[in-house]
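Shown below: protein.cif, with mmCIF, C-alpha atoms.
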data_target
#
loop_
_atom_site.label_atom_id
_atom_site.label_comp_id
_atom_site.auth_asym_id
_atom_site.auth_seq_id
_atom_site.Cartn_x
_atom_site.Cartn_y
_atom_site.Cartn_z
CA TRP A 1333 106.13 110.96 82.53
CA ASN A 1334 109.16 113.01 81.60
CA GLU A 1335 110.40 116.58 81.57
CA ASP A 1336 109.44 116.92 77.89
CA ASN A 1337 105.82 117.17 79.08
CA PHE A 1338 106.76 120.32 81.02
CA PRO A 1339 109.58 122.02 79.08
CA ASN A 1340 109.44 125.30 81.02
CA ILE A 1341 109.69 123.71 84.46
CA ASN A 1342 112.95 122.62 86.02
CA MET A 1343 111.81 119.45 87.75
CA ASN A 1344 114.94 119.48 89.93
CA ASP A 1345 114.14 122.91 91.36
CA PRO A 1346 114.17 122.60 95.17
CA ALA A 1347 111.36 125.16 95.33
CA LEU A 1348 109.04 122.50 93.93
CA GLY A 1349 109.60 120.33 96.98
CA ILE A 1350 110.40 117.31 94.83
CA SER A 1351 113.40 115.35 96.00
CA GLU A 1352 115.90 113.75 93.64
CA GLU A 1353 114.98 110.38 95.18
CA LEU A 1354 111.30 110.90 94.39
CA LEU A 1355 112.10 111.92 90.83
CA GLU A 1356 114.20 108.78 90.39
CA ASP A 1357 111.39 106.62 91.80
CA VAL A 1358 108.87 108.22 89.44
CA GLU A 1359 111.22 107.70 86.49
CA GLN A 1360 111.35 104.01 87.47
CA GLY A 1361 107.56 103.73 87.48
CA LEU A 1362 106.34 104.88 90.89
CA GLY A 1363 102.72 105.97 90.52
CA ASP A 1364 102.27 104.50 87.05
CA VAL A 1365 99.52 102.08 88.06
CA ASN A 1366 98.18 101.53 84.53
CA LEU A 1367 101.70 101.00 83.12
CA ASP A 1368 101.33 103.50 80.27
CA GLY A 1369 104.57 105.35 81.06
CA ASN A 1370 102.78 108.49 82.29
CA LEU A 1371 101.28 109.68 85.55
CA GLY A 1372 97.71 110.84 85.27
CA ILE A 1373 94.15 110.57 86.50
CA GLU A 1374 93.91 107.08 85.00
CA ASP A 1375 96.49 105.90 87.53
CA VAL A 1376 94.48 107.40 90.38
CA VAL A 1377 91.29 105.77 89.11
CA GLN A 1378 92.94 102.34 88.92
CA LEU A 1379 94.46 102.78 92.36
CA VAL A 1380 91.10 103.66 93.89
CA GLN A 1381 89.38 100.82 92.03
CA TYR A 1382 91.96 98.41 93.47
CA ILE A 1383 91.49 99.76 97.00
CA LEU A 1384 87.71 99.33 96.65
CA GLY A 1385 88.25 95.74 95.55
CA ASN A 1386 86.84 96.27 92.07
CA ILE A 1387 89.97 95.25 90.14
CA THR A 1388 93.15 93.27 90.68
CA LEU A 1389 96.65 94.53 89.94
CA ASN A 1390 99.68 92.55 88.85
CA GLU A 1391 102.95 92.65 90.81
CA GLU A 1392 104.43 95.54 88.81
CA GLN A 1393 101.26 97.59 89.20
CA LEU A 1394 101.21 96.93 92.95
CA ASN A 1395 104.83 98.05 93.28
CA ASN A 1396 104.07 101.21 91.30
CA ALA A 1397 100.90 101.88 93.30
CA ASP A 1398 102.68 101.78 96.67
CA TRP A 1399 103.57 105.49 96.62
CA ASN A 1400 104.69 105.69 100.24
CA GLN A 1401 106.71 102.45 99.93
CA ASP A 1402 105.20 100.87 103.07
CA GLU A 1403 104.57 97.53 101.30
CA SER A 1404 100.81 98.10 101.43
CA VAL A 1405 98.61 99.60 98.75
CA ASP A 1406 95.88 101.56 100.47
CA ILE A 1407 94.24 104.96 100.77
CA THR A 1408 97.46 106.51 102.08
CA ASP A 1409 98.94 106.10 98.60
CA VAL A 1410 96.18 108.07 96.85
CA LEU A 1411 96.63 111.64 98.11
CA PRO A 1412 100.40 111.87 97.53
CA LEU A 1413 99.91 110.55 93.98
CA VAL A 1414 97.16 113.10 93.31
CA ASN A 1415 99.30 115.89 94.75
CA TYR A 1416 102.25 114.89 92.60
CA ILE A 1417 100.11 114.81 89.46
CA LEU A 1418 98.68 118.24 90.29
CA GLY A 1419 102.15 119.62 90.99
CA ASN A 1420 101.41 120.16 94.68
CA TYR A 1421 104.14 117.89 95.94
#
Exercise: express the given structure as C-alpha coordinates:
Amino acid sequence: WNEDNFPNINMNDPALGISEELLEDVEQGLGDVNLDGNLGIEDVVQLVQYILGNITLNEEQLNNADWNQDESVDITDVLPLVNYILGNY
(Lines of atoms letter the chains of each structure in order from A and count residues from 1; the text may use other names and numbers.)
(Lines give C-alpha, C1' and ligand atoms only; values in the text may rest on other atoms or scores of the structure.)
Protein backbone atom coordinates (compact mmCIF):
# COMPACT_ATOMS: atom_id res chain seq x y z
CA TRP A 1 0.00 0.00 0.00
CA ASN A 2 1.31 3.42 -0.90
CA GLU A 3 0.21 6.67 -2.48
CA ASP A 4 1.66 5.58 -5.84
CA ASN A 5 -1.37 3.28 -6.16
CA PHE A 6 -3.62 6.37 -6.05
CA PRO A 7 -1.64 9.24 -7.62
CA ASN A 8 -4.61 11.61 -7.92
CA ILE A 9 -5.69 11.32 -4.30
CA ASN A 10 -4.08 13.26 -1.48
CA MET A 11 -4.15 10.62 1.24
CA ASN A 12 -3.58 13.30 3.89
CA ASP A 13 -6.72 15.21 2.91
CA PRO A 14 -8.83 15.66 6.07
CA ALA A 15 -11.96 15.31 3.94
CA LEU A 16 -11.13 11.62 3.57
CA GLY A 17 -11.48 11.11 7.30
CA ILE A 18 -8.13 9.35 7.50
CA SER A 19 -5.99 10.46 10.40
CA GLU A 20 -2.23 10.85 10.20
CA GLU A 21 -1.94 8.22 12.94
CA LEU A 22 -3.97 5.73 10.91
CA LEU A 23 -1.88 6.39 7.82
CA GLU A 24 1.29 5.80 9.82
CA ASP A 25 -0.11 2.55 11.22
CA VAL A 26 -1.06 1.36 7.73
CA GLU A 27 2.40 2.25 6.44
CA GLN A 28 3.82 0.08 9.23
CA GLY A 29 1.67 -2.89 8.23
CA LEU A 30 -1.71 -2.46 9.90
CA GLY A 31 -4.26 -4.46 7.90
CA ASP A 32 -1.67 -6.34 5.84
CA VAL A 33 -2.67 -9.78 7.10
CA ASN A 34 -1.08 -11.72 4.23
CA LEU A 35 2.18 -9.71 4.49
CA ASP A 36 2.35 -8.81 0.79
CA GLY A 37 2.87 -5.08 1.40
CA ASN A 38 -0.59 -4.13 0.11
CA LEU A 39 -4.08 -3.90 1.57
CA GLY A 40 -6.68 -5.81 -0.38
CA ILE A 41 -9.43 -8.39 -0.37
CA GLU A 42 -6.85 -11.12 0.27
CA ASP A 43 -6.19 -9.58 3.69
CA VAL A 44 -9.90 -9.60 4.48
CA VAL A 45 -10.21 -13.23 3.39
CA GLN A 46 -7.31 -14.30 5.60
CA LEU A 47 -8.68 -12.32 8.53
CA VAL A 48 -12.09 -13.96 8.21
CA GLN A 49 -10.53 -17.39 7.76
CA TYR A 50 -8.57 -16.85 10.99
CA ILE A 51 -11.68 -15.72 12.88
CA LEU A 52 -13.53 -18.83 11.67
CA GLY A 53 -10.66 -20.99 12.92
CA ASN A 54 -9.70 -22.26 9.47
CA ILE A 55 -6.12 -20.94 9.48
CA THR A 56 -3.48 -19.82 11.95
CA LEU A 57 -1.58 -16.54 11.77
CA ASN A 58 1.94 -15.80 12.93
CA GLU A 59 2.69 -13.01 15.41
CA GLU A 60 3.27 -10.35 12.73
CA GLN A 61 0.05 -11.27 10.96
CA LEU A 62 -1.89 -11.12 14.24
CA ASN A 63 -0.49 -7.66 15.00
CA ASN A 64 -1.42 -6.47 11.51
CA ALA A 65 -4.88 -8.03 11.74
CA ASP A 66 -5.78 -6.23 14.97
CA TRP A 67 -7.15 -3.14 13.19
CA ASN A 68 -8.74 -1.58 16.27
CA GLN A 69 -5.65 -2.28 18.40
CA ASP A 70 -7.61 -3.91 21.25
CA GLU A 71 -5.18 -6.87 21.47
CA SER A 72 -7.84 -9.23 20.12
CA VAL A 73 -8.34 -10.31 16.52
CA ASP A 74 -12.05 -10.74 15.97
CA ILE A 75 -15.00 -9.66 13.86
CA THR A 76 -14.65 -6.05 15.04
CA ASP A 77 -11.45 -5.82 12.99
CA VAL A 78 -13.11 -6.83 9.71
CA LEU A 79 -15.46 -3.95 8.89
CA PRO A 80 -12.95 -1.13 9.48
CA LEU A 81 -10.43 -2.94 7.27
CA VAL A 82 -13.02 -3.39 4.51
CA ASN A 83 -14.05 0.26 4.79
CA TYR A 84 -10.46 1.40 4.55
CA ILE A 85 -9.82 -0.74 1.48
CA LEU A 86 -12.98 0.60 -0.16
CA GLY A 87 -12.03 4.18 0.71
CA ASN A 88 -14.97 4.60 3.08
CA TYR A 89 -12.88 5.32 6.13
For A:Asn1396: contacts at 8 Å, only C-alpha atoms, fewer than 3 positions along chain excluded, given as a list in words: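 My list of contacting residues is Gly1361, Leu1362, Gly1363, Asp1364, Val1365, Glu1392, Gln1393 and Trp1399 of chain A.
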Closest of A:Val1380, A:Ile1387, A:Leu1394, A:Asn1370 to A:Val1358 - atom-to-atom distances counting all atoms listed in the file: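 Closest residue, counting all atoms listed in the file: A:Asn1370.
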Given the file shown, enumerate the residues that the PyMOL selection byres ((chain A and resi 1406) around 9) captures and present them as an mmCIF file with C-alpha atoms, in the coordinates of the input.
data_model
loop_
_atom_site.group_PDB
_atom_site.id
_atom_site.type_symbol
_atom_site.label_atom_id
_atom_site.label_comp_id
_atom_site.auth_asym_id
_atom_site.auth_seq_id
_atom_site.Cartn_x
_atom_site.Cartn_y
_atom_site.Cartn_z
ATOM 1 C CA LEU A 1379 94.460 102.780 92.360
ATOM 2 C CA VAL A 1380 91.100 103.660 93.890
ATOM 3 C CA TYR A 1382 91.960 98.410 93.470
ATOM 4 C CA ILE A 1383 91.490 99.760 97.000
ATOM 5 C CA ALA A 1397 100.900 101.880 93.300
ATOM 6 C CA ASP A 1398 102.680 101.780 96.670
ATOM 7 C CA SER A 1404 100.810 98.100 101.430
ATOM 8 C CA VAL A 1405 98.610 99.600 98.750
ATOM 9 C CA ILE A 1407 94.240 104.960 100.770
ATOM 10 C CA THR A 1408 97.460 106.510 102.080
ATOM 11 C CA ASP A 1409 98.940 106.100 98.600
ATOM 12 C CA VAL A 1410 96.180 108.070 96.850
#
Straight-line distance linking atom CA of A:Val1414 with atom CA of A:Glu1359, stated in Å to one decimal: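 Separation between atom CA of A:Val1414 and atom CA of A:Glu1359: 16.5 Å.
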Which of A:Leu1413, A:Leu1354, A:Glu1403, A:Asn1420 sits closest to A:Asp1375 [using only C-alpha atoms]: A:Leu1413
Selected residue of minimal separation from A:Tyr1416 among A:Val1376, A:Leu1389, A:Leu1384, A:Leu1367, counting all atoms listed in the file: A:Val1376
Residue among A:Glu1352, A:Asn1366, A:Pro1412, A:Asp1357 lying closest to A:Gln1381, counting only C-alpha atoms: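 Selected residue with least distance to A:Gln1381: A:Asn1366.
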